[in-house]
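Input: a single structure, listed below in structure tokens.
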Amino acid sequence: MVFINTIKVFFLMGVLTIILVLIGHAVNGPSGALLFFFIALAMNFFSYYFSDKIAIKMTGSYPVSEKEAPELYNTVRNLTIRAGLPMPRLYITPSPQPNAFATGRNPAHSAVAVTEGLMRILNRPELEGVLAHELAHIKNRDVLVGTIAAAMAGAITMIANMMQWGLIFGGFRGNDEEEGGGALGMIGTLAMIILAPLAAMLIQMAISRSREYQADATGARVAGRPDGLAGALIKLESASRQIPMQVNPATSHLFIVNPLSGATLAQLFSTHPPIEERVRRLQKIRY
């Protein structure tokens, strides 16, 4: 598992580098490609070492103390002991939609965030099931892949938006010295503005749906019962369809249920397996 996820991390970094070099070439020919290559190296470095902080920032989550959330701390502490994990940093995501996610590059540098809505609608077994699921992502070492994918997808989308505004205000017209001049540069820039967000979506889709099934099974074992998580998933999916969540789409795959599940396009490209199938598999678990 660890080896496979390491390969995925390097694959995502390679994809990011290629995309940015292509964008740089479209903007300003070979010199632009070289500039964006170094930008890609810097982004790879920061997305690896600061991916958790980037994800927290992108979701607007804020740290919460044990005094402010004693039940949350008590539940996570008990589960980490069962799972054999260090205590992660805990955050609250300011959203009425019940949801949660984990982030970090390894168990020693991990964080778990729950939305304000999550704490309001779940009973104790359901809360344990959700938190055990998030700790399972940390234990299975697949949280780094998802966190880096979120950081990269967000960066690519941001660069595409910058290029779009630059084009509107007269920038990014390509290298006039190359054959074809500014016209080809303009076409290349337009192509990258269109393709870059699609590439960001494909990076998210590289996150296997199977990781959610694995986290469900591991989480059920950590919690000691599968029915808590199964009940929570049903509640969370129903709430996600009724309560909108203002979240960067690049981070949607991090959450336990798709926070954008109310959108048809988001469902078509969802990185989450169907809730019905997840619940069915959990109900088959016997201890």
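Numbering starts fresh at 1 for the residues of each chain in the structure tokens, the chains themselves are lettered A, B, ... in the order given, and ligands are numbered from 1 as they appear.
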6 Å contact set for segment 92-109 of chain A, only C-alpha atoms, chain neighbours under 2 positions out, as a list in words: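 That gives Asp52, Ser61, Tyr62, Ala111, Val112, Ala113, Val114, Thr115, Glu116, Gly117, Leu118, Glu134, Ile138, Val143, Leu144, Thr147, Leu236, Ile243, Leu254, Phe255 and Ile256 of chain A.
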Export of the given selection (C-alpha atoms) as a PDB file, in the first residue's frame:
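The resulting file, again.pdb, is reproduced below:
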```pdb
ATOM      1  CA  ASP A  52      -1.801  19.570   4.770  1.00  0.00           C
ATOM      2  CA  SER A  61     -10.830  25.184   8.289  1.00  0.00           C
ATOM      3  CA  TYR A  62      -9.645  26.563  11.621  1.00  0.00           C
ATOM      4  CA  ALA A 111      -4.836  16.529  10.624  1.00  0.00           C
ATOM      5  CA  VAL A 112      -8.528  15.718  10.778  1.00  0.00           C
ATOM      6  CA  ALA A 113     -11.200  18.317  10.054  1.00  0.00           C
ATOM      7  CA  VAL A 114     -14.931  18.034  10.690  1.00  0.00           C
ATOM      8  CA  THR A 115     -17.584  20.499   9.629  1.00  0.00           C
ATOM      9  CA  GLU A 116     -19.725  22.396  12.081  1.00  0.00           C
ATOM     10  CA  GLY A 117     -22.750  20.513  10.754  1.00  0.00           C
ATOM     11  CA  LEU A 118     -21.221  17.097  11.449  1.00  0.00           C
ATOM     12  CA  GLU A 134     -10.636   9.471   8.523  1.00  0.00           C
ATOM     13  CA  ILE A 138      -4.030   8.182   7.728  1.00  0.00           C
ATOM     14  CA  VAL A 143      -4.057  10.613   2.618  1.00  0.00           C
ATOM     15  CA  LEU A 144      -0.887  12.122   1.101  1.00  0.00           C
ATOM     16  CA  THR A 147      -3.876  15.975  -0.329  1.00  0.00           C
ATOM     17  CA  LEU A 236     -24.274  12.536   5.345  1.00  0.00           C
ATOM     18  CA  ILE A 243     -27.297  21.595   2.345  1.00  0.00           C
ATOM     19  CA  LEU A 254     -10.802  14.633   0.370  1.00  0.00           C
ATOM     20  CA  PHE A 255     -14.174  14.523   2.118  1.00  0.00           C
ATOM     21  CA  ILE A 256     -15.862  11.350   3.373  1.00  0.00           C
TER      22      ILE A 256
END
```
Spatial neighbours of segment 70-79 of chain A, 9 Å, only C-alpha atoms, chain gap at least 3 places, as a PyMOL selection string: chain A and resi 65-67+82-88+90+119+124+127-128+131-132+135+222-223
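Considering only C-alpha atoms, the residue among A:Ile285, A:Val21, A:Val130, A:Met245 positioned nearest to Arg221 of chain A is A:Ile285.
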Selected residue of minimal separation from Met13 of chain A among A:Leu34, A:Ile39, A:Val247, A:Ile148, counting only C-alpha atoms: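 Nearest candidate to Met13 of chain A out of A:Leu34, A:Ile39, A:Val247, A:Ile148: A:Ile148.
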With a distance cut-off of 12 Å and only C-alpha atoms, select the neighbouring residues of Glu277 of chain A, excluding the residue or stretch itself and same-chain residues fewer than 6 positions from it, and output the selection as a PDB file with C-alpha atoms, in the first residue's frame.
```pdb
ATOM      1  CA  ARG A 209     -12.451   4.954  -5.448  1.00  0.00           C
ATOM      2  CA  SER A 210     -11.149   1.777  -3.841  1.00  0.00           C
ATOM      3  CA  GLU A 212     -12.836   4.766   0.271  1.00  0.00           C
ATOM      4  CA  TYR A 213     -13.843   1.103   0.529  1.00  0.00           C
ATOM      5  CA  ASP A 216     -14.519   2.134   5.423  1.00  0.00           C
ATOM      6  CA  ALA A 230     -23.023   2.915   7.827  1.00  0.00           C
ATOM      7  CA  LEU A 233     -22.936   7.691   5.582  1.00  0.00           C
ATOM      8  CA  ILE A 234     -26.688   7.562   4.980  1.00  0.00           C
ATOM      9  CA  GLN A 283     -23.348  -4.313   6.570  1.00  0.00           C
ATOM     10  CA  LYS A 284     -21.594  -7.505   5.429  1.00  0.00           C
TER      11      LYS A 284
END
```
Nearby residues (only C-alpha atoms) at most 10 Å from Leu282 of chain A, same-chain spacing under 3 positions excluded, as a list in words: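 Near neighbours after the sequence-gap exclusion: Tyr213, Asp216, Ala217, Ala220, Arg225, Pro226, Asp227, Gly228, Leu229, Ala230, Gly231, Glu276, Glu277, Arg278, Val279, Ile285 and Arg286 of chain A.
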Separation of atom CA of Ser47 of chain A from atom CA of Pro273 of chain A, in Å and rounded to one decimal: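 For atom CA of Ser47 of chain A relative to atom CA of Pro273 of chain A, the distance reads 26.0 Å.
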One-decimal distance in Å that lies between atom CA of Ile156 of chain A and atom CA of Met43 of chain A: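 So the answer is 10.4 Å.
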